[in-house]
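Q: The structure under discussion is supplied below as structure tokens; questions concerning it will follow.
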Amino acid sequence: MLRVGMLTSGGDCQALNAAMRGVVKALVHSSDEPVEFYGFENGYQGMIYGKYRQLTGKDFQGILTRGGTMLGTSRTPFKLLDEPTPEGINKVEAMKDNYNKLGLDCLVMGGGNGSTKTANRLHEEGLNVIALPKTIDNDTWGTDMTFGFHSAIEIATKCIDDIHTTASSHGRVFVIEIMGHKVGWIPLYAGIAGGADVILLPEIPYDINNVIKVIEKRDQAGSRFTIVAVAEGAISIEEASLKRKHYKERIAARTSPSIAYDIAAEIINRTNREVRVAVPGHTQRGGAPCAYDRVFATQVGVEAARGILAGEYGFMVADKDRQIVRVPLDIVAGRLKTVDPACQLVQEAKLMGISFGDEGVEGAINPILRPRKEKPKK
Ligand code: F6P
């Protein structure tokens with residue numbers, strides 16, 4: 001008998017259900033011994049509090065196309081892992097206990113960066129863990145792709161497409177805020193796919209003067225509208241000069257709803273243009289997975305099943321040059337895959353005239369992304 005525990009952790013995304021279905025279908029089809037599946041509810045919280053249910057074949061019917069996660073999810077910050085719960089429960093010990101009580105052979109965890117750190121910790125504590133790379137942000141180290149990313153790009157691109165028609169009718173400037181607090185993969189891809197004139201990313205601090213210049217240049221060329229795609233975590237050159245702590249304080253003290261509104265206000269102040277803001281928000285994480293994500297998530301699930309059948313654990317399934325590979329959890333844990341400002345795609349976009357707002361101020365680094373100084377050991 002094989003016993004497999006499953007959970008989904010962190011922000012949800014499309015194709016989480018497809019990935020779990022991949023694990024289950026491959027195991028049921030290929031295992032010589034019977035397999036039992038246990039789903040922990042609402043991420044690591046279910047594992048901490050012993051909230052789980054046994055899953056049957058029925059649970060996995062019709063879920064390939066369903067967005068969200070049928071197990072529920074939650075954020076369990078890694079940095080608080082060693083702090084007890086409000087009830088005084090030691091989280092790591094509780095997770096180990098519940099794993100052992102169920103007699104699990106393995107835990108399959110669909111999660112992003114922080115969740116994979118916790119998965120690695122559990123693996124270090126002696127549990128058999130396999131991670132599946134989920135997140136719309138595509139910021140997981142060790143994999144070219146995460147599932148959810150392509151679905152999110154489709155939605156963000158559709159938003160930019162739809163805004164294009166109304167922006168051009170009215171001759172307005174639109175600031176469209178796309179998800180990505182620390183990394184800008186979604187705004188980069190959706191911005192290019194949607195034909196944005198300006199793309200502002202957390203990895204490339206911008207000078208607002210450059211944004212204004214694009215708008216004015218387009219005006220002079222007779223283009224009545226401008227589309228600015230801005231990441232949630234886009235940062236001005238001035239903010240980038242702050243210390244991490246001060247930048248965080250600045251963001252915490254923001255009185256506008258978000259960065260898009262700040263940028264829109266600056267454009268209004270500096271030009272005579274009509275400016276509007278559009279924020280697709282969590283729609284980018286919602287709805288059915290696109291075909292690409294369904295296939296990729298299925299492949300990821302099948303690879304996890306192959307690991308379980310072979311008794312091999314302690315890895316995250318990953319995509320490397322369109323091949324499904326395994327990356328040790330300790331290599332992935334705690335690392336972020338950011339957009340390299342010098343990468344081919346950014347350079348190509350610049351060559352065709354898309355502004356990243358950094359003309360003349362290239363090379364500034366977001367304090368959130370600056371490598372932390374090693375603390376001297378006492
Ligand atoms: O991690 C995925 C993500 O959607 C980010 O792009 C976004 O910044 C964040 O989660 C939003 O978090 P929440 O769902 O907690 O508001």
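Ordering of the structure tokens sets the chain letters (A, B, ...), residue numbers begin anew at 1 in every chain, and ligands are numbered from 1 in the order given.
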Would you return as a list in words the members of region 145-212 of chain A that DSSP assigns to strand (DSSP E or B) on this structure's backbone?
A: Phe147, Val173, Phe174, Val175, Ile176, Glu177, Ile178, Val198, Ile199, Leu200, Leu201, Ile204 and Tyr206 of chain A
Q: Go ahead and write the selection's residues with N, CA, C and O atoms as a short mmCIF file (atom, residue, chain, number, x, y, z; two decimals), in the first residue's frame.
A:
```cif
data_model
loop_
_atom_site.label_atom_id
_atom_site.label_comp_id
_atom_site.auth_asym_id
_atom_site.auth_seq_id
_atom_site.Cartn_x
_atom_site.Cartn_y
_atom_site.Cartn_z
N PHE A 147 3.56 26.39 -13.52
CA PHE A 147 2.20 26.37 -14.09
C PHE A 147 1.36 27.46 -13.44
O PHE A 147 1.58 27.84 -12.30
N VAL A 173 -4.51 58.03 -21.90
CA VAL A 173 -3.39 57.25 -21.38
C VAL A 173 -3.98 56.26 -20.38
O VAL A 173 -4.76 56.65 -19.51
N PHE A 174 -3.62 55.00 -20.51
CA PHE A 174 -4.07 53.99 -19.55
C PHE A 174 -2.88 53.40 -18.81
O PHE A 174 -1.90 53.00 -19.42
N VAL A 175 -3.00 53.37 -17.51
CA VAL A 175 -1.99 52.69 -16.70
C VAL A 175 -2.64 51.38 -16.24
O VAL A 175 -3.65 51.39 -15.53
N ILE A 176 -2.10 50.26 -16.71
CA ILE A 176 -2.68 48.95 -16.39
C ILE A 176 -1.75 48.22 -15.43
O ILE A 176 -0.57 48.01 -15.73
N GLU A 177 -2.28 47.89 -14.27
CA GLU A 177 -1.44 47.27 -13.25
C GLU A 177 -1.54 45.74 -13.33
O GLU A 177 -2.62 45.18 -13.22
N ILE A 178 -0.39 45.13 -13.51
CA ILE A 178 -0.34 43.68 -13.70
C ILE A 178 0.35 43.05 -12.48
O ILE A 178 1.27 43.63 -11.92
N VAL A 198 4.87 51.26 -22.76
CA VAL A 198 5.80 51.36 -21.63
C VAL A 198 5.54 50.14 -20.74
O VAL A 198 4.39 49.77 -20.50
N ILE A 199 6.62 49.51 -20.27
CA ILE A 199 6.49 48.39 -19.32
C ILE A 199 7.39 48.70 -18.13
O ILE A 199 8.60 48.91 -18.30
N LEU A 200 6.80 48.74 -16.96
CA LEU A 200 7.59 49.06 -15.75
C LEU A 200 7.62 47.85 -14.82
O LEU A 200 6.58 47.31 -14.44
N LEU A 201 8.84 47.42 -14.49
CA LEU A 201 9.02 46.18 -13.74
C LEU A 201 9.74 46.44 -12.41
O LEU A 201 10.54 47.39 -12.32
N ILE A 204 13.51 46.78 -12.90
CA ILE A 204 14.10 47.87 -13.68
C ILE A 204 13.51 49.21 -13.19
O ILE A 204 12.47 49.66 -13.68
N TYR A 206 12.36 52.89 -12.74
CA TYR A 206 12.04 53.82 -13.83
C TYR A 206 12.18 55.27 -13.38
O TYR A 206 12.08 55.59 -12.20
#
```
Q: Which residues of chain A sit at most 9 Å from ligand 1, using only C-alpha atoms and all ligand atoms? Give each one's shortest atom pair and distance in Å (one decimal place), in chain and ascending residue order, as a tab-separated table.
A:
```
residue	atom	partner	partner_atom_place_in_ligand_line	distance
A:Gly10	CA	ligand 1	1 (O)	7.1
A:Gly11	CA	ligand 1	1 (O)	5.1
A:Asp12	CA	ligand 1	2 (C)	7.2
A:Cys13	CA	ligand 1	2 (C)	7.7
A:Ser74	CA	ligand 1	15 (O)	8.8
A:Arg75	CA	ligand 1	15 (O)	7.8
A:Gly112	CA	ligand 1	1 (O)	7.4
A:Asn113	CA	ligand 1	1 (O)	8.8
A:Thr135	CA	ligand 1	2 (C)	5.9
A:Ile136	CA	ligand 1	2 (C)	5.7
A:Asp137	CA	ligand 1	6 (O)	5.3
A:Asn138	CA	ligand 1	1 (O)	9.0
A:Asp139	CA	ligand 1	1 (O)	8.9
A:Ile178	CA	ligand 1	6 (O)	8.0
A:Met179	CA	ligand 1	6 (O)	4.2
A:Gly180	CA	ligand 1	6 (O)	4.1
A:His181	CA	ligand 1	8 (O)	4.5
A:Lys182	CA	ligand 1	8 (O)	7.5
A:Val183	CA	ligand 1	6 (O)	8.3
A:Gly184	CA	ligand 1	6 (O)	9.0
A:Ile186	CA	ligand 1	6 (O)	8.3
A:Ala231	CA	ligand 1	8 (O)	8.9
A:Glu232	CA	ligand 1	8 (O)	6.6
A:Gly233	CA	ligand 1	8 (O)	7.8
A:Gly281	CA	ligand 1	4 (O)	8.0
A:His282	CA	ligand 1	4 (O)	6.7
A:Gln284	CA	ligand 1	4 (O)	7.5
A:Arg285	CA	ligand 1	4 (O)	6.4
```
Q: Export N, CA, C and O atoms of the chosen residues as a compact mmCIF listing (two decimals), in the first residue's frame?
A:
```txt
# COMPACT_ATOMS: atom_id res chain seq x y z
N GLY A 10 0.11 28.63 -0.49
CA GLY A 10 0.38 29.96 -1.05
C GLY A 10 -0.75 30.43 -1.94
O GLY A 10 -1.84 29.84 -1.96
N GLY A 11 -0.50 31.50 -2.69
CA GLY A 11 -1.53 32.04 -3.60
C GLY A 11 -1.92 30.96 -4.60
O GLY A 11 -1.06 30.25 -5.11
N ASP A 12 -3.22 30.83 -4.86
CA ASP A 12 -3.61 29.78 -5.81
C ASP A 12 -3.23 30.19 -7.23
O ASP A 12 -2.71 31.28 -7.46
N CYS A 13 -3.44 29.29 -8.15
CA CYS A 13 -3.25 29.62 -9.57
C CYS A 13 -4.00 28.59 -10.39
O CYS A 13 -4.48 27.60 -9.84
N SER A 74 -3.66 28.40 1.66
CA SER A 74 -3.43 29.52 2.59
C SER A 74 -1.94 29.83 2.56
O SER A 74 -1.15 29.04 2.05
N ARG A 75 -1.62 30.98 3.10
CA ARG A 75 -0.19 31.32 3.19
C ARG A 75 0.28 31.01 4.62
O ARG A 75 -0.32 31.46 5.58
N GLY A 112 4.69 27.78 -4.41
CA GLY A 112 5.69 28.68 -4.98
C GLY A 112 6.91 28.77 -4.08
O GLY A 112 7.22 27.84 -3.32
N ASN A 113 7.55 29.94 -4.12
CA ASN A 113 8.82 30.11 -3.42
C ASN A 113 8.82 29.78 -1.93
O ASN A 113 9.56 28.92 -1.47
N THR A 135 2.79 28.85 -9.59
CA THR A 135 2.60 30.27 -9.31
C THR A 135 2.44 31.02 -10.64
O THR A 135 3.15 30.73 -11.60
N ILE A 136 1.53 31.96 -10.61
CA ILE A 136 1.38 32.79 -11.82
C ILE A 136 2.62 33.63 -12.03
O ILE A 136 2.90 34.06 -13.14
N ASP A 137 3.40 33.88 -10.97
CA ASP A 137 4.51 34.84 -11.06
C ASP A 137 5.71 34.33 -11.84
O ASP A 137 6.57 35.11 -12.26
N ASN A 138 5.83 33.01 -12.00
CA ASN A 138 6.98 32.38 -12.68
C ASN A 138 8.31 32.75 -12.03
O ASN A 138 9.32 32.85 -12.72
N ASP A 139 8.30 32.94 -10.73
CA ASP A 139 9.53 33.42 -10.08
C ASP A 139 10.25 32.33 -9.30
O ASP A 139 11.10 32.61 -8.47
N ILE A 178 -0.39 45.13 -13.51
CA ILE A 178 -0.34 43.68 -13.70
C ILE A 178 0.35 43.05 -12.48
O ILE A 178 1.27 43.63 -11.92
N MET A 179 -0.08 41.84 -12.11
CA MET A 179 0.46 41.22 -10.88
C MET A 179 1.96 40.96 -10.96
O MET A 179 2.51 40.68 -12.01
N GLY A 180 2.58 41.04 -9.82
CA GLY A 180 4.03 40.84 -9.70
C GLY A 180 4.60 41.86 -8.73
O GLY A 180 4.88 42.98 -9.13
N HIS A 181 4.71 41.45 -7.45
CA HIS A 181 5.24 42.40 -6.46
C HIS A 181 6.75 42.49 -6.50
O HIS A 181 7.32 43.57 -6.43
N LYS A 182 7.38 41.32 -6.60
CA LYS A 182 8.84 41.32 -6.58
C LYS A 182 9.44 41.08 -7.94
O LYS A 182 10.58 41.44 -8.20
N VAL A 183 8.70 40.39 -8.81
CA VAL A 183 9.24 40.07 -10.14
C VAL A 183 8.24 40.47 -11.22
O VAL A 183 7.03 40.52 -10.98
N GLY A 184 8.76 40.71 -12.41
CA GLY A 184 7.90 41.26 -13.46
C GLY A 184 7.67 40.36 -14.66
O GLY A 184 7.42 40.85 -15.75
N ILE A 186 5.10 38.48 -15.51
CA ILE A 186 3.77 38.60 -16.14
C ILE A 186 3.66 39.94 -16.90
O ILE A 186 3.30 39.95 -18.08
N ALA A 231 3.97 46.76 -13.30
CA ALA A 231 3.93 45.68 -12.31
C ALA A 231 3.50 46.25 -10.96
O ALA A 231 3.83 47.40 -10.64
N GLU A 232 2.83 45.43 -10.16
CA GLU A 232 2.42 45.87 -8.81
C GLU A 232 3.62 46.42 -8.02
O GLU A 232 3.49 47.32 -7.22
N GLY A 233 4.79 45.81 -8.28
CA GLY A 233 5.98 46.20 -7.50
C GLY A 233 6.94 47.08 -8.27
O GLY A 233 8.12 47.15 -7.91
N GLY A 281 -6.16 42.68 -11.38
CA GLY A 281 -6.06 42.04 -10.05
C GLY A 281 -6.12 40.52 -10.08
O GLY A 281 -5.46 39.88 -10.91
N HIS A 282 -6.95 39.99 -9.17
CA HIS A 282 -6.96 38.53 -9.00
C HIS A 282 -7.64 37.78 -10.13
O HIS A 282 -7.61 36.54 -10.13
N GLN A 284 -6.33 37.56 -12.73
CA GLN A 284 -5.15 36.93 -13.35
C GLN A 284 -4.86 35.54 -12.75
O GLN A 284 -4.13 34.76 -13.34
N ARG A 285 -5.39 35.30 -11.58
CA ARG A 285 -5.18 33.99 -10.95
C ARG A 285 -6.41 33.10 -11.08
O ARG A 285 -6.41 31.97 -10.58
```
Q: With only C-alpha atoms as the atoms that count, which of A:Phe356, A:Phe78, A:Phe225, A:Tyr292 lies nearest to Arg172 (chain A)?
A: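 Under the stated criterion, the closest residue is A:Phe225.
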Q: Grab the CA of Met109 (chain A) to CA of Thr8 (chain A) distance for me, in Å with one decimal place.
A: 5.7 Å
Q: At a cut-off of 10 Å, using only C-alpha atoms, what residues contact Leu309 (chain A)? Leave out same-chain residues fewer than 3 positions from it and give the result as JSON, numbers by chain.
A: {"A": [2, 26, 27, 30, 31, 32, 33, 303, 304, 305, 306, 312]}
Q: With only C-alpha atoms as the counted atoms, please give the residues lying no more than 6 Å from region 57-72 of chain A, apart from itself and same-chain residues fewer than 2 positions off, as a PyMOL selection string.
A: chain A and resi 12-14+16-18+21+41-42+287-288
Q: Selected residues, C-alpha atoms, written as a short mmCIF file (atom, residue, chain, number, x, y, z; two decimals), in the first residue's frame, please.
A:
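In the end it all went to out-v3.cif:
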```cif
data_model
loop_
_atom_site.label_atom_id
_atom_site.label_comp_id
_atom_site.auth_asym_id
_atom_site.auth_seq_id
_atom_site.Cartn_x
_atom_site.Cartn_y
_atom_site.Cartn_z
CA ASP A 12 -3.61 29.78 -5.81
CA CYS A 13 -3.25 29.62 -9.57
CA GLN A 14 -4.69 27.86 -12.55
CA LEU A 16 -3.23 23.20 -9.50
CA ASN A 17 -6.04 20.68 -9.86
CA ALA A 18 -4.61 19.48 -13.17
CA ARG A 21 -4.85 14.88 -11.15
CA GLU A 41 -7.03 21.28 3.58
CA ASN A 42 -5.93 24.88 3.12
CA GLY A 287 -10.70 30.83 -14.12
CA ALA A 288 -9.77 27.79 -16.15
#
```
Q: Using only C-alpha atoms, which of the listed residues (A:Gly126, A:Pro257, A:Pro202, A:Pro371) sits closest to Asp97 (chain A)?
A: A:Gly126
Q: For Val295 (chain A), which residue among A:Ala15, A:Val214, A:Ile227, A:Ile354 is the nearest when counting only C-alpha atoms?
A: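 Closest to Val295 (chain A), using only C-alpha atoms: A:Ala15.
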Q: To one decimal place, how far is CA of Thr118 (chain A) from CA of Gly148 (chain A) in Å?
A: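 Separation between CA of Thr118 (chain A) and CA of Gly148 (chain A): 20.4 Å.
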Q: Nearest to Val108 (chain A) among A:Val300, A:Arg250, A:Asp319, A:Gln347, with distances taken over only C-alpha atoms: which residue is it?
A: A:Val300
Q: For the atom pair CA of Asp293 (chain A) and CA of Ala152 (chain A), what is the interatomic distance in Å to one decimal place?
A: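 Taking CA of Asp293 (chain A) as the start and CA of Ala152 (chain A) as the end point, the length is 9.9 Å.
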Q: Using DSSP secondary structure from the backbone, list all alpha helix (DSSP H) positions within region 129-324 of chain A, as JSON, numbers by chain.
A: {"A": [149, 150, 151, 152, 153, 154, 155, 156, 157, 158, 159, 160, 161, 162, 163, 164, 165, 166, 167, 168, 169, 170, 185, 186, 187, 188, 189, 190, 191, 192, 193, 208, 209, 210, 211, 212, 213, 214, 215, 216, 217, 218, 219, 220, 237, 238, 239, 240, 244, 245, 246, 247, 248, 249, 250, 251, 252, 259, 260, 261, 262, 263, 264, 265, 266, 267, 268, 269, 270, 291, 292, 293, 294, 295, 296, 297, 298, 299, 300, 301, 302, 303, 304, 305, 306, 307, 308, 309, 310]}
